[in-house]
file input_14.txt (compact mmCIF, C-alpha atoms)
# COMPACT_ATOMS: atom_id res chain seq x y z
CA MET A 1 -2.84 15.42 20.90
CA ALA A 2 -6.38 15.45 19.56
CA ASP A 3 -8.75 12.74 20.71
CA PRO A 4 -8.55 9.93 18.11
CA SER A 5 -12.26 9.19 18.53
CA SER A 6 -13.26 12.83 18.16
CA GLY A 7 -16.16 13.56 15.86
CA LEU A 8 -13.94 16.18 14.23
CA LEU A 9 -12.11 13.33 12.54
CA ARG A 10 -15.22 11.88 10.91
CA LEU A 11 -17.10 13.13 7.90
CA GLN A 12 -20.67 12.41 6.87
CA GLN A 13 -20.19 14.31 3.61
CA LEU A 14 -17.84 16.87 2.06
CA GLY A 15 -19.33 20.18 3.07
CA THR A 16 -22.66 20.33 1.26
CA ILE A 17 -21.63 17.60 -1.19
CA THR A 18 -22.52 13.97 -0.54
CA PHE A 19 -19.91 11.26 -1.00
CA GLU A 20 -21.87 9.90 -3.96
CA GLN A 21 -21.97 13.31 -5.62
CA PHE A 22 -18.25 13.79 -4.99
CA LEU A 23 -17.40 10.44 -6.57
CA ASN A 24 -19.65 11.08 -9.56
CA GLU A 25 -18.64 14.67 -10.28
CA TYR A 26 -15.15 15.27 -8.84
CA TRP A 27 -13.20 12.04 -8.13
CA GLN A 28 -10.39 11.88 -10.71
CA LYS A 29 -12.17 14.56 -12.73
CA LYS A 30 -11.67 18.04 -11.23
CA PRO A 31 -10.43 19.77 -8.06
CA LEU A 32 -12.74 20.69 -5.21
CA LEU A 33 -12.27 23.10 -2.28
CA ILE A 34 -14.43 22.30 0.75
CA ARG A 35 -14.46 25.18 3.20
CA GLN A 36 -14.53 24.09 6.86
CA ALA A 37 -14.80 20.38 6.09
CA PHE A 38 -13.28 19.91 9.58
CA PRO A 39 -14.62 22.78 11.71
CA ASP A 40 -12.42 23.64 14.72
CA PHE A 41 -9.81 21.13 13.60
CA GLU A 42 -6.95 20.63 16.07
CA ALA A 43 -3.70 19.27 14.66
CA PRO A 44 -2.66 16.02 16.41
CA VAL A 45 1.02 17.05 16.39
CA SER A 46 2.69 20.41 16.89
CA ALA A 47 5.46 21.85 14.73
CA ASP A 48 8.00 21.01 17.45
CA GLU A 49 6.77 17.41 17.63
CA LEU A 50 7.01 17.12 13.85
CA ALA A 51 10.59 18.39 13.96
CA GLY A 52 11.32 15.83 16.67
CA LEU A 53 10.05 13.03 14.42
CA ALA A 54 12.38 14.19 11.64
CA LEU A 55 15.36 13.51 13.92
CA GLU A 56 14.53 9.79 14.15
CA ASP A 57 16.35 7.20 12.02
CA ASP A 58 13.25 5.22 11.04
CA VAL A 59 11.12 8.20 10.02
CA VAL A 60 11.01 9.29 6.37
CA SER A 61 11.50 13.04 6.30
CA ARG A 62 12.68 15.76 3.94
CA LEU A 63 13.72 19.37 4.36
CA VAL A 64 13.13 21.55 1.31
CA VAL A 65 14.74 24.99 1.15
CA GLN A 66 14.00 27.32 -1.76
CA ARG A 67 17.03 29.37 -2.75
CA ASP A 68 15.44 31.27 -5.64
CA GLU A 69 12.57 30.95 -8.12
CA SER A 70 14.06 27.90 -9.83
CA ASP A 71 16.36 26.40 -7.19
CA TRP A 72 15.19 24.08 -4.41
CA GLN A 73 17.57 22.23 -2.08
CA VAL A 74 16.42 18.89 -0.63
CA GLU A 75 17.87 17.23 2.46
CA HIS A 76 16.71 13.75 3.50
CA GLY A 77 16.33 12.79 7.15
CA PRO A 78 17.20 11.92 9.76
CA LEU A 79 18.01 15.57 10.35
CA LEU A 80 20.26 16.97 13.06
CA GLU A 81 18.64 19.10 15.76
CA GLU A 82 21.03 21.98 15.15
CA ARG A 83 19.95 22.11 11.49
CA PHE A 84 16.70 23.83 12.45
CA ALA A 85 18.60 26.68 14.11
CA GLN A 86 20.40 27.32 10.82
CA LEU A 87 17.29 27.74 8.70
CA PRO A 88 16.21 31.09 7.23
CA GLU A 89 13.06 32.86 8.36
CA SER A 90 11.15 31.94 5.20
CA HIS A 91 11.03 29.71 2.09
CA TRP A 92 11.54 26.30 3.67
CA THR A 93 9.37 23.24 4.37
CA LEU A 94 9.70 20.13 6.55
CA LEU A 95 7.84 17.02 5.35
CA VAL A 96 7.25 13.80 7.30
CA GLN A 97 5.96 10.83 5.31
CA HIS A 98 3.82 7.93 6.65
CA ALA A 99 2.84 9.98 9.69
CA ASP A 100 -0.26 7.79 10.11
CA ALA A 101 2.08 4.94 11.10
CA LEU A 102 3.68 7.02 13.85
CA ASP A 103 0.80 8.07 16.06
CA PRO A 104 -2.79 6.82 16.66
CA ALA A 105 -4.21 10.34 16.70
CA ILE A 106 -2.85 10.96 13.22
CA ASN A 107 -3.94 7.49 12.05
CA ALA A 108 -7.50 8.18 13.21
CA LEU A 109 -7.77 10.89 10.55
CA LEU A 110 -7.86 8.16 7.90
CA ASP A 111 -11.36 7.21 9.11
CA ALA A 112 -12.71 10.40 7.56
CA PHE A 113 -11.71 9.17 4.12
CA ARG A 114 -12.95 5.59 4.21
CA PHE A 115 -15.71 6.41 1.74
CA ILE A 116 -12.83 5.46 -0.57
CA PRO A 117 -11.92 1.74 -0.16
CA ASN A 118 -9.42 0.91 2.60
CA TRP A 119 -6.97 -0.62 0.19
CA ARG A 120 -6.75 2.59 -1.86
CA LEU A 121 -5.62 4.68 1.13
CA ASP A 122 -1.85 5.13 1.18
CA ASP A 123 -0.58 7.44 3.90
CA ILE A 124 -0.69 10.83 5.58
CA MET A 125 2.18 13.22 4.97
CA ILE A 126 2.52 16.22 7.26
CA SER A 127 4.29 19.37 6.18
CA TYR A 128 5.32 22.35 8.25
CA ALA A 129 6.24 25.43 6.24
CA ALA A 130 7.80 28.72 7.21
CA ASP A 131 6.42 31.81 5.46
CA LYS A 132 6.51 31.34 1.65
CA GLY A 133 7.60 27.73 2.12
CA GLY A 134 6.52 25.04 -0.32
CA VAL A 135 7.78 22.40 -2.74
CA GLY A 136 7.09 24.32 -5.93
CA PRO A 137 4.63 23.73 -8.76
CA HIS A 138 4.22 19.99 -9.34
CA PHE A 139 1.72 17.22 -10.02
CA ASP A 140 1.08 13.78 -8.56
CA TYR A 141 0.02 10.54 -10.22
CA TYR A 142 -2.46 9.85 -7.41
CA ASP A 143 -5.46 11.52 -5.77
CA VAL A 144 -4.73 13.66 -2.74
CA PHE A 145 -6.73 15.52 -0.11
CA LEU A 146 -4.93 18.51 1.42
CA LEU A 147 -6.21 19.39 4.88
CA GLN A 148 -5.10 22.71 6.27
CA ALA A 149 -4.20 22.04 9.91
CA GLN A 150 -2.68 25.34 11.07
CA GLY A 151 -2.14 28.77 9.55
CA LYS A 152 -2.91 29.78 5.98
CA ARG A 153 -1.66 28.52 2.66
CA ARG A 154 -2.11 29.82 -0.86
CA TRP A 155 -2.98 27.05 -3.33
CA ARG A 156 -2.82 27.63 -7.04
CA ILE A 157 -4.36 24.99 -9.30
CA GLY A 158 -2.93 24.61 -12.78
CA GLN A 159 -3.07 22.60 -15.95
CA ARG A 160 -3.37 18.86 -16.56
CA CYS A 161 0.07 17.25 -16.84
CA SER A 162 1.71 14.01 -17.97
CA HIS A 163 5.09 12.31 -17.92
CA GLU A 164 5.99 14.52 -20.87
CA SER A 165 5.46 17.78 -18.96
CA PRO A 166 8.84 19.60 -18.80
CA LEU A 167 10.48 19.76 -15.37
CA LEU A 168 13.19 21.93 -13.87
CA PRO A 169 16.55 20.14 -13.61
CA ALA A 170 16.40 19.98 -9.81
CA ALA A 171 17.79 17.02 -7.85
CA ASP A 172 15.19 14.88 -6.06
CA MET A 173 12.45 17.31 -7.06
CA LYS A 174 9.87 17.15 -9.87
CA ILE A 175 9.09 20.83 -10.29
CA LEU A 176 7.22 21.96 -13.38
CA GLN A 177 8.90 24.42 -15.72
CA ASP A 178 5.55 25.91 -16.72
CA PHE A 179 2.49 26.60 -14.59
CA ASP A 180 -0.81 28.01 -15.85
CA THR A 181 -3.00 29.18 -12.97
CA VAL A 182 -6.62 28.11 -13.28
CA GLU A 183 -7.73 28.63 -9.65
CA ASP A 184 -6.15 30.62 -6.82
CA TRP A 185 -7.30 30.02 -3.23
CA ILE A 186 -6.22 30.92 0.30
CA VAL A 187 -7.10 28.06 2.68
CA GLU A 188 -7.45 28.22 6.46
CA PRO A 189 -7.53 25.60 9.26
CA GLY A 190 -10.27 23.04 8.62
CA ASP A 191 -10.42 23.67 4.86
CA LEU A 192 -9.98 20.62 2.64
CA LEU A 193 -8.73 20.67 -0.96
CA TYR A 194 -9.07 17.69 -3.29
CA ILE A 195 -6.65 17.38 -6.22
CA PRO A 196 -7.14 14.66 -8.89
CA PRO A 197 -4.16 12.86 -10.44
CA ASN A 198 -2.07 14.76 -13.01
CA ILE A 199 -3.43 18.20 -12.05
CA ALA A 200 -0.69 20.76 -11.40
CA HIS A 201 -0.81 22.46 -8.00
CA TRP A 202 1.39 24.87 -6.10
CA GLY A 203 1.13 25.48 -2.38
CA GLU A 204 2.87 28.37 -0.65
CA ALA A 205 2.63 29.20 3.06
CA ASP A 206 1.04 32.53 4.00
CA GLY A 207 2.91 32.88 7.26
CA GLU A 208 3.90 29.63 8.98
CA CYS A 209 1.47 26.75 8.50
CA MET A 210 0.91 23.01 8.66
CA THR A 211 -0.80 20.86 6.02
CA TYR A 212 -1.86 17.20 6.09
CA SER A 213 -1.75 15.37 2.75
CA ILE A 214 -3.90 12.25 2.54
CA GLY A 215 -2.69 10.26 -0.46
CA PHE A 216 -4.07 7.22 -2.26
CA ARG A 217 -2.38 4.20 -3.77
CA ALA A 218 -2.24 4.23 -7.55
CA PRO A 219 0.26 1.65 -8.77
CA SER A 220 1.48 2.08 -12.32
CA HIS A 221 0.66 -0.51 -14.95
CA ALA A 222 4.34 -1.43 -14.94
CA GLU A 223 4.26 -2.07 -11.17
CA VAL A 224 1.06 -4.12 -11.44
CA LEU A 225 2.37 -6.26 -14.29
CA LEU A 226 5.77 -6.85 -12.69
CA ASP A 227 4.34 -7.88 -9.32
CA PHE A 228 1.54 -9.98 -10.82
CA SER A 229 3.88 -11.84 -13.16
CA GLU A 230 6.29 -12.54 -10.32
CA GLU A 231 3.44 -13.88 -8.18
CA MET A 232 2.07 -16.09 -10.96
CA ALA A 233 5.56 -17.36 -11.78
CA SER A 234 5.81 -18.65 -8.21
CA PHE A 235 3.03 -21.15 -9.01
CA THR A 236 4.86 -22.70 -11.95
CA ASN A 237 7.37 -25.57 -12.06
CA PRO A 238 10.18 -26.52 -14.49
CA ASP A 239 7.88 -28.97 -16.33
CA MET A 240 5.61 -26.16 -17.49
CA ARG A 241 7.00 -25.04 -20.86
CA TYR A 242 6.09 -23.40 -24.15
CA MET A 243 4.94 -26.28 -26.40
CA ASP A 244 3.75 -26.51 -30.00
CA PRO A 245 2.66 -30.09 -30.73
CA GLY A 246 0.74 -28.91 -33.80
CA LEU A 247 3.83 -27.39 -35.43
CA ARG A 248 3.86 -27.44 -39.27
CA PRO A 249 6.72 -26.87 -41.75
CA GLN A 250 7.34 -23.15 -42.46
CA GLN A 251 8.43 -21.70 -45.78
CA LEU A 252 10.27 -18.91 -43.94
CA PRO A 253 12.13 -20.25 -40.87
CA GLY A 254 12.61 -16.79 -39.39
CA GLU A 255 8.89 -16.02 -39.26
CA ILE A 256 7.01 -16.00 -35.94
CA SER A 257 3.64 -17.44 -36.89
CA GLN A 258 0.21 -16.34 -35.74
CA GLN A 259 -0.17 -19.76 -34.10
CA SER A 260 2.99 -19.17 -32.04
CA ILE A 261 1.69 -15.85 -30.72
CA GLU A 262 -1.65 -17.48 -29.91
CA GLN A 263 0.22 -20.14 -27.91
CA VAL A 264 2.03 -17.46 -25.88
CA GLN A 265 -1.25 -15.59 -25.49
CA ALA A 266 -2.85 -18.75 -24.09
CA ILE A 267 -0.08 -19.11 -21.49
CA ILE A 268 -0.61 -15.55 -20.24
CA HIS A 269 -4.40 -15.84 -20.51
CA GLN A 270 -4.64 -18.86 -18.20
CA TYR A 271 -3.18 -16.83 -15.32
CA SER A 272 -4.98 -13.53 -15.91
CA THR A 273 -8.46 -15.08 -16.16
CA ASP A 274 -8.34 -17.02 -12.88
CA LYS A 275 -10.40 -14.60 -10.76
CA ALA A 276 -9.60 -16.32 -7.46
CA ALA A 277 -5.85 -16.22 -8.14
CA LEU A 278 -6.10 -12.62 -9.34
CA ALA A 279 -8.03 -11.54 -6.22
CA GLY A 280 -5.63 -13.41 -3.96
CA TRP A 281 -2.65 -11.63 -5.46
CA PHE A 282 -4.31 -8.19 -5.66
CA GLY A 283 -5.50 -8.23 -2.04
CA GLU A 284 -2.01 -9.09 -0.80
CA TYR A 285 -0.42 -6.53 -3.10
CA MET A 286 -2.66 -3.62 -2.12
CA THR A 287 -2.51 -4.25 1.64
CA ARG A 288 1.26 -4.52 1.93
CA PRO A 289 2.64 -1.73 4.09
CA ASN A 290 4.92 0.66 2.29
CA PRO A 291 8.47 -0.64 2.83
CA THR A 292 9.56 2.66 4.33
CA ALA A 293 6.73 2.48 6.90
CA ASP A 294 6.95 -1.27 7.52
CA ALA A 295 8.89 -0.97 10.78
CA HIS A 296 6.05 1.04 12.30
CA PHE A 297 3.25 -1.15 10.97
CA GLN A 298 4.82 -4.26 12.50
CA THR A 299 5.07 -3.11 16.12
CA PHE A 300 2.06 -4.98 17.53
CA ASP A 301 2.14 -7.04 20.71
CA GLU A 302 2.75 -10.67 19.81
CA GLU A 303 1.81 -11.72 23.36
CA PHE A 304 -1.79 -10.61 22.92
CA ASP A 305 -4.08 -11.82 25.74
CA ARG A 306 -6.43 -14.36 24.14
CA ASN A 307 -8.89 -13.87 26.98
CA LEU A 308 -9.67 -10.47 25.46
CA MET A 309 -10.78 -12.21 22.26
CA GLU A 310 -13.16 -14.49 24.12
CA ALA A 311 -14.53 -11.50 26.01
CA GLY A 312 -15.24 -9.65 22.76
CA GLN A 313 -12.65 -6.99 23.59
CA ALA A 314 -10.30 -7.41 20.63
CA ARG A 315 -10.13 -5.75 17.24
CA LEU A 316 -7.72 -5.32 14.38
CA SER A 317 -5.14 -2.60 14.98
CA ARG A 318 -5.84 0.50 12.92
CA PHE A 319 -2.15 0.53 12.02
CA ALA A 320 -2.83 -2.60 9.94
CA ARG A 321 -4.04 -2.40 6.33
CA CYS A 322 -7.07 -4.62 5.72
CA ALA A 323 -9.38 -5.55 2.82
CA PHE A 324 -11.45 -8.56 1.79
CA PHE A 325 -12.78 -10.26 -1.32
CA GLU A 326 -16.00 -12.29 -1.27
CA GLU A 327 -15.94 -15.71 -2.89
CA GLN A 328 -18.70 -18.29 -3.28
CA ALA A 329 -17.59 -20.07 -0.13
CA GLY A 330 -16.72 -17.27 2.28
CA CYS A 331 -14.14 -14.53 1.95
CA LEU A 332 -10.46 -13.92 1.52
CA VAL A 333 -9.34 -11.36 4.11
CA PHE A 334 -6.04 -9.56 3.59
CA ILE A 335 -4.00 -7.94 6.36
CA ASN A 336 -0.65 -6.31 5.65
CA GLY A 337 0.01 -8.50 2.64
CA ALA A 338 -1.07 -11.81 4.23
CA LYS A 339 -4.37 -13.60 3.56
CA TRP A 340 -6.80 -15.92 5.34
CA HIS A 341 -10.05 -17.70 4.39
CA CYS A 342 -12.91 -16.78 6.71
CA SER A 343 -16.61 -15.93 6.81
CA ARG A 344 -17.99 -12.64 5.51
CA LYS A 345 -19.02 -11.83 9.10
CA LEU A 346 -15.43 -11.94 10.34
CA ALA A 347 -14.07 -10.20 7.24
CA VAL A 348 -16.42 -7.26 7.87
CA MET A 349 -15.51 -7.05 11.57
CA LEU A 350 -11.82 -6.98 10.74
CA SER A 351 -11.94 -4.54 7.82
CA ASN A 352 -14.23 -2.17 9.77
CA TYR A 353 -11.87 -2.37 12.78
CA GLU A 354 -14.82 -3.43 14.92
CA PRO A 355 -14.66 -5.46 18.15
CA ILE A 356 -14.59 -9.16 17.28
CA HIS A 357 -17.59 -11.03 18.68
CA TRP A 358 -15.94 -14.33 19.57
CA ASP A 359 -19.20 -16.08 20.57
CA SER A 360 -20.69 -15.49 17.11
CA LEU A 361 -17.78 -17.12 15.26
CA ASP A 362 -17.57 -20.71 14.06
CA THR A 363 -14.53 -22.94 14.64
CA LEU A 364 -12.80 -21.92 11.41
CA ASP A 365 -13.18 -18.20 12.13
CA ARG A 366 -11.89 -18.67 15.67
CA THR A 367 -8.81 -20.39 14.29
CA VAL A 368 -8.27 -17.47 11.91
CA VAL A 369 -8.62 -14.94 14.73
CA VAL A 370 -6.05 -16.80 16.81
CA GLN A 371 -3.66 -16.83 13.84
CA ILE A 372 -4.18 -13.10 13.29
CA ALA A 373 -3.51 -12.50 16.98
CA ASP A 374 -0.36 -14.62 16.81
CA ALA A 375 0.75 -12.55 13.81
CA GLY A 376 0.56 -9.49 16.06
CA PHE A 377 -2.34 -7.67 14.40
CA LEU A 378 -4.91 -7.58 17.24
CA ILE A 379 -5.19 -5.10 20.08
CA SER A 380 -7.62 -4.48 22.91
CA SER A 381 -10.74 -2.73 21.57
CA GLU A 382 -10.38 -0.25 24.45
CA ASP A 383 -6.73 0.47 23.68
CA ASP A 384 -5.93 3.85 22.12
CA GLU A 385 -2.62 2.46 20.86
call {"tool": "encode", "arguments": {"input": "input_14.txt", "output": "C-alpha cells"}}
result
Amino acid sequence: MADPSSGLLRLQQLGTITFEQFLNEYWQKKPLLIRQAFPDFEAPVSADELAGLALEDDVVSRLVVQRDESDWQVEHGPLLEERFAQLPESHWTLLVQHADALDPAINALLDAFRFIPNWRLDDIMISYAADKGGVGPHFDYYDVFLLQAQGKRRWRIGQRCSHESPLLPAADMKILQDFDTVEDWIVEPGDLLYIPPNIAHWGEADGECMTYSIGFRAPSHAEVLLDFSEEMASFTNPDMRYMDPGLRPQQLPGEISQQSIEQVQAIIHQYSTDKAALAGWFGEYMTRPNPTADAHFQTFDEEFDRNLMEAGQARLSRFARCAFFEEQAGCLVFINGAKWHCSRKLAVMLSNYEPIHWDSLDTLDRTVVVQIADAGFLISSEDDE
C-alpha cells in the first residue's frame, strides 16, 4: 500500500496549469492530458488485491469481456475466484466501484482533487484490464479524471454526445455506435486525463494496466426536482391546500385560468425561494453516501474515546462526506446526509478533515462535536484508518 499521507497524492497544480486556469479554460469545456501529474505514482492496490475485492458480497464490481467489435459481456459481482482462471488472455476488464470507501490509501487520493468542492466528489473506480481490455467507446454525464496507475493505455477522445446519441444494443452497457476520433493518446503511469461531461472517450489497454477513475456528482434535473419536492413535501400538513378565495365566474368552465396557474406558481415559489431551506436540503442531498457504498461509509467506531476530543486528537473520518453552508448566524455543516448548526470555525475544521481544537470551541460547538462522535464520524487524528 502507498502511504496515504504521501506527497505523491497531493497536487499544487495540474502539470504547468494552475487550478484557476484549469477551471477557466478546461473544466466542462474540453479534455486535457497532464503528463506526469503524479510522478512515480505507486498504485495503492495490486491487481490481485483488486480481484480479491471483487469476490466480496458488499463490493460493487463488474467483469467486462469483449467477444468481438460490437459484443461485450457484463458480469456483476460478487465474482467467483475460479472465474479469473477461465478468462482469456486479452480483451477483458475488471472494475471495482467506490474503491475510496474500501481502503484509506485509496481514499487519500481524493485529496488531490479537492480544488473541486468536497460535495462534488463522487467516488474512485479502479479498473484492471488485460491487453486490449476496455469498456468500449462511451460517454459520461459527469466530469472524470483518469489516472494511469500501472501499464499503458490508449485513450481516444471523440465527439460531443447527448442522450440522443445512438448506442449498440448491448445489455448493461452504453456503447456508442459511432465514434469520431479527435485525439489519440498513449498514457503511462502518473499521467492524468481529464474528460468533461458528454465527451466520447475510448480506453484500450496496451498490455495489462490499471486505471483510477475519479468521478464527480452531477445529479440530473429530474433527480434534483424529485428529491427536493419530496423534502419540501415533508414540511407540509393536510391543512395546506390549493385555495382560490378570489375565484370569479368563468364563461368556459373547462378553462384553466391565468390566475389558477399563478396560484400554483406561488405554492411552488414559496419553497424554492427559501434559501435556508434550499441550502439545508441541498447539503444533505449532496453529502449522502451512495447507497451502494453506504455499508462502508458507516463503519466508524461508535465508542469513540471522548478524551481524544478534549486532547485535540480527533478529526472527521475521511470516509465521511462533509460540506458546509454559511448563514448569518453561523453555519450548517453536513456529514453523510445529516446536518448540524455550528460556528464557521468548527465547520472549517470538519470539512478540511483537520484535528478539532476542543479548547477553542464554545459550548454549542462542543455539543455538536459530541453528537458527531456519537454518530460514529470521528476518529483519532493519528489513526490511518
call {"tool": "closest_atom_pairs", "arguments": {"input": "input_14.txt", "of": "segment 29-95 of chain A", "to": "segment 127-146 of chain A", "cutoff": "9 Å", "atoms": "only C-alpha atoms", "output": "CSV"}}
result
residue,atom,partner,partner_atom,distance
A:Ala47,CA,A:Tyr128,CA,6.5
A:Leu50,CA,A:Tyr128,CA,7.8
A:Ala51,CA,A:Tyr128,CA,8.7
A:Val64,CA,A:Val135,CA,6.8
A:Val65,CA,A:Gly133,CA,7.7
A:Gln66,CA,A:Gly133,CA,7.5
A:Glu69,CA,A:Gly136,CA,8.9
A:Ser70,CA,A:Gly136,CA,8.8
A:Trp72,CA,A:Val135,CA,7.8
A:Pro88,CA,A:Ala130,CA,8.7
A:Glu89,CA,A:Ala130,CA,6.8
A:Ser90,CA,A:Asp131,CA,4.7
A:His91,CA,A:Gly133,CA,4.0
A:Trp92,CA,A:Gly133,CA,4.5
A:Thr93,CA,A:Ala129,CA,4.3
A:Leu94,CA,A:Tyr128,CA,5.2
A:Leu95,CA,A:Ser127,CA,4.3
call {"tool": "atom_distance", "arguments": {"input": "input_14.txt", "atom1": "atom CA of Leu278 of chain A", "atom2": "atom CA of Asn198 of chain A"}}
result
27.9 Å
call {"tool": "atom_distance", "arguments": {"input": "input_14.txt", "atom1": "atom CA of Leu109 of chain A", "atom2": "atom CA of Phe319 of chain A"}}
result
11.9 Å
call {"tool": "closest_residue", "arguments": {"input": "input_14.txt", "among": "A:Ala37, A:Gln328, A:Asn336, A:Thr236", "to": "Asn118 of chain A", "atoms": "only C-alpha atoms"}}
result
A:Asn336
call {"tool": "closest_residue", "arguments": {"input": "input_14.txt", "among": "A:Asn107, A:Pro31, A:Gly203, A:Trp155", "to": "Trp185 of chain A", "atoms": "all atoms listed in the file"}}
result
A:Trp155
call {"tool": "residues_around", "arguments": {"input": "input_14.txt", "residues": "segment 226-232 of chain A", "least_positions_apart": "6", "cutoff": "12 Å", "atoms": "only C-alpha atoms", "output": "number ranges by chain"}}
result
A: 219-220, 267-274, 277-286
call {"tool": "residues_around", "arguments": {"input": "input_14.txt", "residues": "Arg120 of chain A", "least_positions_apart": "6", "cutoff": "8 Å", "atoms": "all atoms listed in the file", "output": "list in words"}}
result
Phe216, Arg217, Ala218 and Met286 of chain A
call {"tool": "atom_distance", "arguments": {"input": "input_14.txt", "atom1": "atom CA of Glu188 of chain A", "atom2": "atom CA of Gln148 of chain A"}}
result
6.0 Å
call {"tool": "closest_residue", "arguments": {"input": "input_14.txt", "among": "A:Thr16, A:Leu167, A:Ala320, A:Pro245", "to": "Pro104 of chain A", "atoms": "all atoms listed in the file"}}
result
A:Ala320
call {"tool": "residues_around", "arguments": {"input": "input_14.txt", "residues": "Gly52 of chain A", "least_positions_apart": "4", "cutoff": "10 Å", "atoms": "only C-alpha atoms", "output": "list of chain:residue names"}}
result
A:Ser46, A:Ala47, A:Asp48, A:Glu56, A:Pro78, A:Leu79, A:Leu80, A:Glu81
call {"tool": "closest_residue", "arguments": {"input": "input_14.txt", "among": "A:Gly77, A:Pro189, A:Pro249, A:Pro117", "to": "Arg153 of chain A", "atoms": "only C-alpha atoms"}}
result
A:Pro189
call {"tool": "closest_residue", "arguments": {"input": "input_14.txt", "among": "A:Tyr212, A:Phe38, A:Phe179, A:Tyr194", "to": "Ile124 of chain A", "atoms": "only C-alpha atoms"}}
result
A:Tyr212
call {"tool": "closest_residue", "arguments": {"input": "input_14.txt", "among": "A:Ile199, A:Gln251, A:Met210, A:Cys322", "to": "Lys29 of chain A", "atoms": "all atoms listed in the file"}}
result
A:Ile199
